[in-house]
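**Q** What follows is model-v9.csv, made up of CSV, C-alpha atoms:
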chain,number,residue,atom,x,y,z
D,1,MET,CA,65.4,2.3,21.3
D,2,ILE,CA,65.3,6.1,20.6
D,3,THR,CA,68.2,6.7,23.1
D,4,HIS,CA,70.2,4.0,21.4
D,5,LEU,CA,69.7,5.4,17.9
D,6,SER,CA,70.6,8.9,19.2
D,7,SER,CA,73.9,7.7,20.7
D,8,LEU,CA,74.6,5.9,17.5
D,9,PHE,CA,74.5,9.0,15.4
D,10,LEU,CA,75.3,11.8,17.9
D,11,GLY,CA,78.2,10.4,19.8
D,12,ASN,CA,79.2,12.9,22.5
D,13,ARG,CA,76.2,15.0,21.4
D,14,MET,CA,73.7,12.3,22.4
D,15,LEU,CA,70.1,13.5,22.7
D,16,PRO,CA,69.4,13.9,26.4
D,17,LEU,CA,67.2,11.4,28.0
D,18,THR,CA,65.2,14.2,29.5
D,19,ASP,CA,64.1,15.3,26.0
D,20,ILE,CA,62.8,11.8,25.3
D,21,SER,CA,61.1,11.5,28.7
D,22,ARG,CA,59.5,14.9,28.1
D,23,LEU,CA,58.1,13.7,24.8
D,24,THR,CA,56.7,10.5,26.3
D,25,ALA,CA,55.1,12.5,29.2
D,26,LYS,CA,53.5,14.9,26.8
D,27,ILE,CA,52.1,12.1,24.6
D,28,SER,CA,50.8,10.0,27.5
D,29,SER,CA,49.1,13.0,29.2
D,30,HIS,CA,47.8,14.9,26.2
D,31,PRO,CA,44.0,15.4,26.2
D,32,SER,CA,43.9,14.5,22.5
D,33,ARG,CA,44.8,10.9,23.2
D,34,PRO,CA,41.4,9.9,24.7
D,35,ARG,CA,39.6,11.8,22.0
D,36,LEU,CA,41.1,9.6,19.4
D,37,ILE,CA,38.8,6.8,20.6
D,38,TRP,CA,35.7,8.9,19.9
D,39,GLN,CA,37.2,10.1,16.6
D,40,MET,CA,37.8,6.5,15.5
D,41,ALA,CA,34.3,5.4,16.5
D,42,CYS,CA,32.7,8.3,14.6
D,43,LEU,CA,34.8,7.6,11.5
D,44,PHE,CA,33.9,3.9,11.5
D,45,LEU,CA,30.2,4.8,11.8
D,46,ILE,CA,30.4,7.5,9.1
D,47,SER,CA,32.4,5.3,6.8
D,48,GLY,CA,29.8,2.6,7.1
D,49,LEU,CA,27.0,5.0,6.4
D,50,SER,CA,28.8,6.6,3.4
D,51,ILE,CA,29.0,3.2,1.7
D,52,TYR,CA,25.3,3.4,1.1
D,53,PHE,CA,24.5,7.1,1.0
D,54,LEU,CA,27.6,9.1,-0.2
D,55,ASP,CA,30.1,6.9,-2.1
D,56,GLN,CA,28.2,6.5,-5.3
D,57,GLU,CA,27.0,10.2,-5.5
D,58,LEU,CA,30.5,11.6,-4.8
D,59,ALA,CA,32.1,9.2,-7.4
D,60,ALA,CA,29.6,10.4,-10.0
D,61,TRP,CA,30.6,14.0,-9.3
D,62,VAL,CA,34.3,13.1,-9.6
D,63,GLU,CA,33.6,11.9,-13.2
D,64,THR,CA,32.6,15.4,-14.1
D,65,SER,CA,35.4,17.2,-12.1
D,66,PRO,CA,37.6,19.7,-14.0
D,67,ARG,CA,40.8,18.4,-15.6
D,68,TYR,CA,43.1,20.7,-13.6
D,69,LEU,CA,41.7,19.3,-10.4
D,70,ILE,CA,42.6,15.8,-11.4
D,71,GLU,CA,46.1,16.9,-12.3
D,72,VAL,CA,46.5,18.6,-8.9
D,73,GLY,CA,45.2,15.4,-7.2
D,74,ARG,CA,47.6,13.3,-9.2
D,75,LEU,CA,50.5,15.5,-8.1
D,76,ILE,CA,49.5,15.4,-4.4
D,77,SER,CA,48.9,11.7,-4.5
D,78,ALA,CA,52.3,10.9,-6.1
D,79,ALA,CA,54.1,13.1,-3.6
D,80,THR,CA,52.4,11.5,-0.6
D,81,ASP,CA,52.6,7.9,-1.7
D,82,PRO,CA,53.8,5.5,1.1
D,83,ILE,CA,56.8,4.6,-1.1
D,84,VAL,CA,57.8,8.2,-1.0
D,85,MET,CA,56.7,9.3,2.5
D,86,ILE,CA,58.1,6.5,4.6
D,87,PRO,CA,61.7,6.9,3.2
D,88,LEU,CA,61.4,10.7,3.6
D,89,LEU,CA,60.4,10.3,7.3
D,90,ALA,CA,63.3,7.9,7.8
D,91,ILE,CA,65.7,10.4,6.2
D,92,ALA,CA,64.2,13.1,8.5
D,93,CYS,CA,64.9,10.9,11.5
D,94,LEU,CA,68.5,10.6,10.5
D,95,PHE,CA,68.8,14.3,9.9
D,96,PHE,CA,67.4,15.2,13.3
D,97,ALA,CA,69.6,12.6,14.9
D,98,VAL,CA,72.8,14.1,13.4
D,99,ILE,CA,71.8,17.8,13.5
D,100,ARG,CA,70.1,19.1,16.6
D,101,LEU,CA,68.3,22.4,16.0
D,102,PRO,CA,67.8,24.5,19.2
D,103,TRP,CA,64.4,25.6,18.1
D,104,LEU,CA,63.3,22.0,17.3
D,105,ILE,CA,64.9,20.0,20.0
D,106,LEU,CA,62.3,17.3,19.8
D,107,GLY,CA,62.6,16.9,16.1
D,108,PHE,CA,64.2,13.5,16.2
D,109,PRO,CA,61.7,11.8,18.6
D,110,MET,CA,58.8,13.5,16.8
D,111,THR,CA,59.8,12.2,13.4
D,112,VAL,CA,60.5,8.7,14.9
D,113,TRP,CA,56.9,8.7,16.3
D,114,ALA,CA,55.5,9.8,13.0
D,115,LEU,CA,57.5,7.2,11.1
D,116,VAL,CA,56.3,4.4,13.4
D,117,ASN,CA,52.7,5.5,13.1
D,118,ALA,CA,52.9,5.9,9.3
D,119,THR,CA,54.5,2.4,8.9
D,120,LEU,CA,52.0,0.8,11.3
D,121,ALA,CA,49.0,2.4,9.7
D,122,THR,CA,50.2,1.5,6.2
D,123,ALA,CA,50.8,-2.1,7.1
D,124,ILE,CA,47.4,-2.5,8.7
D,125,SER,CA,45.7,-0.9,5.7
D,126,LEU,CA,47.5,-3.1,3.2
D,127,LEU,CA,46.5,-6.2,5.1
D,128,LEU,CA,42.9,-5.1,5.2
D,129,LYS,CA,42.9,-4.3,1.5
D,130,LEU,CA,43.7,-7.9,0.6
D,131,THR,CA,41.1,-9.2,3.0
D,132,VAL,CA,38.2,-6.9,2.1
D,133,GLY,CA,38.8,-6.9,-1.7
D,134,ARG,CA,36.6,-3.9,-2.5
D,135,ALA,CA,36.5,-2.7,-6.2
D,136,ARG,CA,38.0,0.7,-6.9
D,137,PRO,CA,35.7,3.4,-8.4
D,138,GLU,CA,37.7,3.4,-11.6
D,139,THR,CA,36.6,-0.2,-12.3
D,140,ALA,CA,33.0,0.9,-12.7
D,141,LEU,CA,31.8,-2.3,-10.9
D,142,GLY,CA,29.9,-0.3,-8.3
D,143,HIS,CA,30.4,0.7,-4.7
D,144,LEU,CA,29.1,-2.6,-3.4
D,145,SER,CA,31.4,-4.9,-5.4
D,146,PHE,CA,33.6,-7.0,-3.1
D,147,HIS,CA,36.0,-9.7,-4.0
D,148,PRO,CA,37.9,-10.8,-0.8
D,149,LEU,CA,41.4,-12.2,-1.2
D,150,SER,CA,41.5,-11.5,-4.9
D,151,PHE,CA,45.1,-9.9,-4.6
D,152,GLN,CA,44.4,-7.7,-7.6
D,153,ASP,CA,45.0,-4.0,-7.4
D,154,ALA,CA,41.6,-3.3,-8.9
D,155,PHE,CA,40.1,-4.8,-5.7
D,156,GLN,CA,42.2,-3.1,-3.1
D,157,SER,CA,40.1,0.0,-2.5
D,158,MET,CA,39.2,-0.3,1.2
D,159,PRO,CA,40.8,1.1,3.2
D,160,SER,CA,43.0,3.8,1.7
D,161,ALA,CA,46.6,3.1,2.8
D,162,GLN,CA,47.6,6.6,1.8
D,163,SER,CA,44.9,8.2,3.9
D,164,ALA,CA,45.9,6.0,6.8
D,165,LEU,CA,49.5,7.1,6.4
D,166,ALA,CA,48.5,10.7,6.2
D,167,SER,CA,46.4,10.4,9.3
D,168,GLY,CA,49.1,8.7,11.3
D,169,VAL,CA,51.6,11.4,10.4
D,170,VAL,CA,49.4,14.5,10.8
D,171,MET,CA,47.9,13.3,14.1
D,172,SER,CA,51.3,12.6,15.5
D,173,PHE,CA,52.4,16.2,14.8
D,174,ALA,CA,49.0,17.7,15.7
D,175,ILE,CA,49.2,16.1,19.2
D,176,LEU,CA,52.8,17.3,19.8
D,177,THR,CA,52.4,20.7,18.2
D,178,PRO,CA,48.8,21.8,18.8
D,179,ARG,CA,49.5,25.3,17.6
D,180,TYR,CA,49.6,24.0,14.1
D,181,LYS,CA,46.9,21.3,14.5
D,182,GLN,CA,44.4,22.7,12.0
D,183,LEU,CA,47.2,23.1,9.4
D,184,PHE,CA,48.3,19.5,9.8
D,185,ILE,CA,44.8,18.1,9.6
D,186,ALA,CA,43.9,20.2,6.6
D,187,GLY,CA,47.0,18.8,4.8
D,188,GLY,CA,45.9,15.3,5.7
D,189,LEU,CA,42.4,15.8,4.4
D,190,ILE,CA,43.8,17.2,1.1
D,191,VAL,CA,45.7,13.9,0.7
D,192,CYS,CA,42.5,12.0,1.3
D,193,GLY,CA,40.7,14.2,-1.3
D,194,SER,CA,43.4,13.5,-3.9
D,195,ARG,CA,42.7,9.8,-3.6
D,196,ILE,CA,39.0,10.4,-4.2
D,197,ILE,CA,39.4,12.8,-7.1
D,198,LEU,CA,41.6,10.3,-8.9
D,199,ALA,CA,38.8,7.6,-8.6
D,200,ASP,CA,41.3,5.4,-6.7
D,201,HIS,CA,39.1,5.3,-3.6
D,202,TRP,CA,35.6,5.8,-2.4
D,203,LEU,CA,34.9,8.3,0.3
D,204,SER,CA,34.3,5.6,2.9
D,205,ASP,CA,37.8,4.1,2.0
D,206,THR,CA,39.5,7.3,3.0
D,207,MET,CA,37.5,7.7,6.2
D,208,LEU,CA,38.4,4.1,7.2
D,209,GLY,CA,42.0,4.8,6.4
D,210,TRP,CA,41.9,8.0,8.5
D,211,ALA,CA,40.4,6.0,11.4
D,212,ILE,CA,43.2,3.4,11.1
D,213,GLY,CA,45.8,6.2,11.3
D,214,CYS,CA,44.2,7.5,14.4
D,215,GLY,CA,44.2,4.0,15.8
D,216,SER,CA,47.9,3.6,15.2
D,217,VAL,CA,48.6,6.9,17.0
D,218,PHE,CA,46.5,5.7,19.9
D,219,LEU,CA,48.3,2.3,20.2
D,220,THR,CA,51.7,3.8,20.0
D,221,ALA,CA,50.7,6.5,22.6
D,222,LEU,CA,49.9,3.6,25.0
D,223,VAL,CA,53.4,2.3,24.4
D,224,PHE,CA,54.8,5.7,25.2
D,225,LYS,CA,52.7,5.9,28.3
D,226,ALA,CA,54.0,2.6,29.5
D,227,ARG,CA,57.6,3.7,28.7
D,228,ASN,CA,57.1,6.9,30.6
D,229,ALA,CA,55.8,5.1,33.6
D,230,ASP,CA,58.8,2.8,33.5
D,231,TRP,CA,61.2,5.8,33.4
D,232,GLN,CA,59.4,7.5,36.3
D,233,GLY,CA,59.6,4.3,38.3
D,234,ARG,CA,63.4,4.1,38.0
Represent the structure contained in this file as C-alpha cells.
**A**
Amino acid sequence: MITHLSSLFLGNRMLPLTDISRLTAKISSHPSRPRLIWQMACLFLISGLSIYFLDQELAAWVETSPRYLIEVGRLISAATDPIVMIPLLAIACLFFAVIRLPWLILGFPMTVWALVNATLATAISLLLKLTVGRARPETALGHLSFHPLSFQDAFQSMPSAQSALASGVVMSFAILTPRYKQLFIAGGLIVCGSRIILADHWLSDTMLGWAIGCGSVFLTALVFKARNADWQGR
C-alpha cells in the first residue's frame, strides 16, 4: 500500500522499495517492540489501582490549580485534538510523498505508520468510551460513576482518546528515532496532563488511553513484521 501511494504522488521519483523494507525491518526487529507488552500490562495495572487510590485526590488538586495552568492545558488540548491531529498527519504523509528530503528519507513511511496508529488508537478508545460510560470529573458525580452505553459526552471519560492518539504517535516516532525518544514521550505525557488539568479525564483514563496507543503500535508492528518476512521471502 505504501509503495502504491508513493508511486501515485512521486511518479518517476517513486520512493524506493528498499526504503520501505528498511523501515519494516527496523520496526520488526527493534527491541522496544517486545517491551510494549510489559508497558501495556503495567499501565493497565496502574490504571486500575489509580481508580481507587489516585483519581479522586488528583481531581481535587485540579480544582485548586492556577488559572494560567488551565489556559495552557486548554491550548494544548485544542491543538492535539484528534480532529486536528489526524488531518495534520494525513497532510504530512502527502507532503513527504511529494517532497523527499535527503535528511529525512523515511519521513513518508514514518508518518504513515504514525497516522495508522493514531487512527486505530482513537477508534478503539471511542468504542470503549461508549461501552464503559464513565462520568467525567467535571460532572462531579464521582470517580466510580459508570453509565454504560449512555452515549452522552458527560459519560465518555474512560479511556482518553486524546491520550491514546498521543501515545500511538509518539511511540511510533520513539521507536524509529530513539535519539529523541525522551522528547517524544515527554510531549505525549504533556498532552495527557492537559486532559487531566481541564477535568475532562481522570488519571486512570489517560493511563488506559496511553496503553491503548501502545497496543496499537504493537499490533501494527506485527503487521510490519509479517510484511517484512513476505518481502524477504521473495
**Q** Near Ile190 of chain D, counting all atoms listed in the file, which residues have an atom at most 12 Å away, once you skip same-chain residues fewer than 4 positions from it, shown as a list of chain:residue names?
**A**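 Near Ile190 of chain D, the qualifying residues are D:Leu69, D:Val72, D:Gly73, D:Arg74, D:Leu75, D:Ile76, D:Ser77, D:Thr80, D:Gln162, D:Ser163, D:Ala166, D:Ser167, D:Val170, D:Leu183, D:Phe184, D:Ile185, D:Ala186, D:Ser194, D:Arg195, D:Ile196, D:Ile197, D:Thr206, D:Trp210.
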**Q** Counting only C-alpha atoms, note down every residue that has an atom within 9 Å of the point (41.9, -6.5, -1.6) (file coordinates), as a PDB file with C-alpha atoms, in the frame of the given file.
**A**
ATOM      1  CA  LEU D 126      47.500  -3.100   3.200  1.00  0.00           C
ATOM      2  CA  LEU D 127      46.500  -6.200   5.100  1.00  0.00           C
ATOM      3  CA  LEU D 128      42.900  -5.100   5.200  1.00  0.00           C
ATOM      4  CA  LYS D 129      42.900  -4.300   1.500  1.00  0.00           C
ATOM      5  CA  LEU D 130      43.700  -7.900   0.600  1.00  0.00           C
ATOM      6  CA  THR D 131      41.100  -9.200   3.000  1.00  0.00           C
ATOM      7  CA  VAL D 132      38.200  -6.900   2.100  1.00  0.00           C
ATOM      8  CA  GLY D 133      38.800  -6.900  -1.700  1.00  0.00           C
ATOM      9  CA  ARG D 134      36.600  -3.900  -2.500  1.00  0.00           C
ATOM     10  CA  ALA D 135      36.500  -2.700  -6.200  1.00  0.00           C
ATOM     11  CA  PHE D 146      33.600  -7.000  -3.100  1.00  0.00           C
ATOM     12  CA  HIS D 147      36.000  -9.700  -4.000  1.00  0.00           C
ATOM     13  CA  PRO D 148      37.900 -10.800  -0.800  1.00  0.00           C
ATOM     14  CA  LEU D 149      41.400 -12.200  -1.200  1.00  0.00           C
ATOM     15  CA  SER D 150      41.500 -11.500  -4.900  1.00  0.00           C
ATOM     16  CA  PHE D 151      45.100  -9.900  -4.600  1.00  0.00           C
ATOM     17  CA  GLN D 152      44.400  -7.700  -7.600  1.00  0.00           C
ATOM     18  CA  ASP D 153      45.000  -4.000  -7.400  1.00  0.00           C
ATOM     19  CA  ALA D 154      41.600  -3.300  -8.900  1.00  0.00           C
ATOM     20  CA  PHE D 155      40.100  -4.800  -5.700  1.00  0.00           C
ATOM     21  CA  GLN D 156      42.200  -3.100  -3.100  1.00  0.00           C
ATOM     22  CA  SER D 157      40.100   0.000  -2.500  1.00  0.00           C
ATOM     23  CA  MET D 158      39.200  -0.300   1.200  1.00  0.00           C
TER      24      MET D 158
END
**Q** Please list as a ChimeraX atom specification every residue within 12 Å of Leu203 of chain D, counting only C-alpha atoms and excluding residues in the same chain fewer than 3 positions away.
**A** /D:43,46-62,136-137,143,157-160,163,189,192-200,206-210
**Q** Counting all atoms listed in the file, figure out which residue out of D:Ala118, D:Val98, D:Leu36, D:Ala41 gets nearest to Val84 of chain D.
**A**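 The shortest atom-to-atom distance to Val84 of chain D comes from D:Ala118.
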**Q** Do a neighbour search on Ala161 of chain D at 6 Å with all atoms listed in the file, toss out local chain neighbours closer than 3 positions, and write the hits as an MDAnalysis selection string.
**A** chainID D and resid 122 125 164
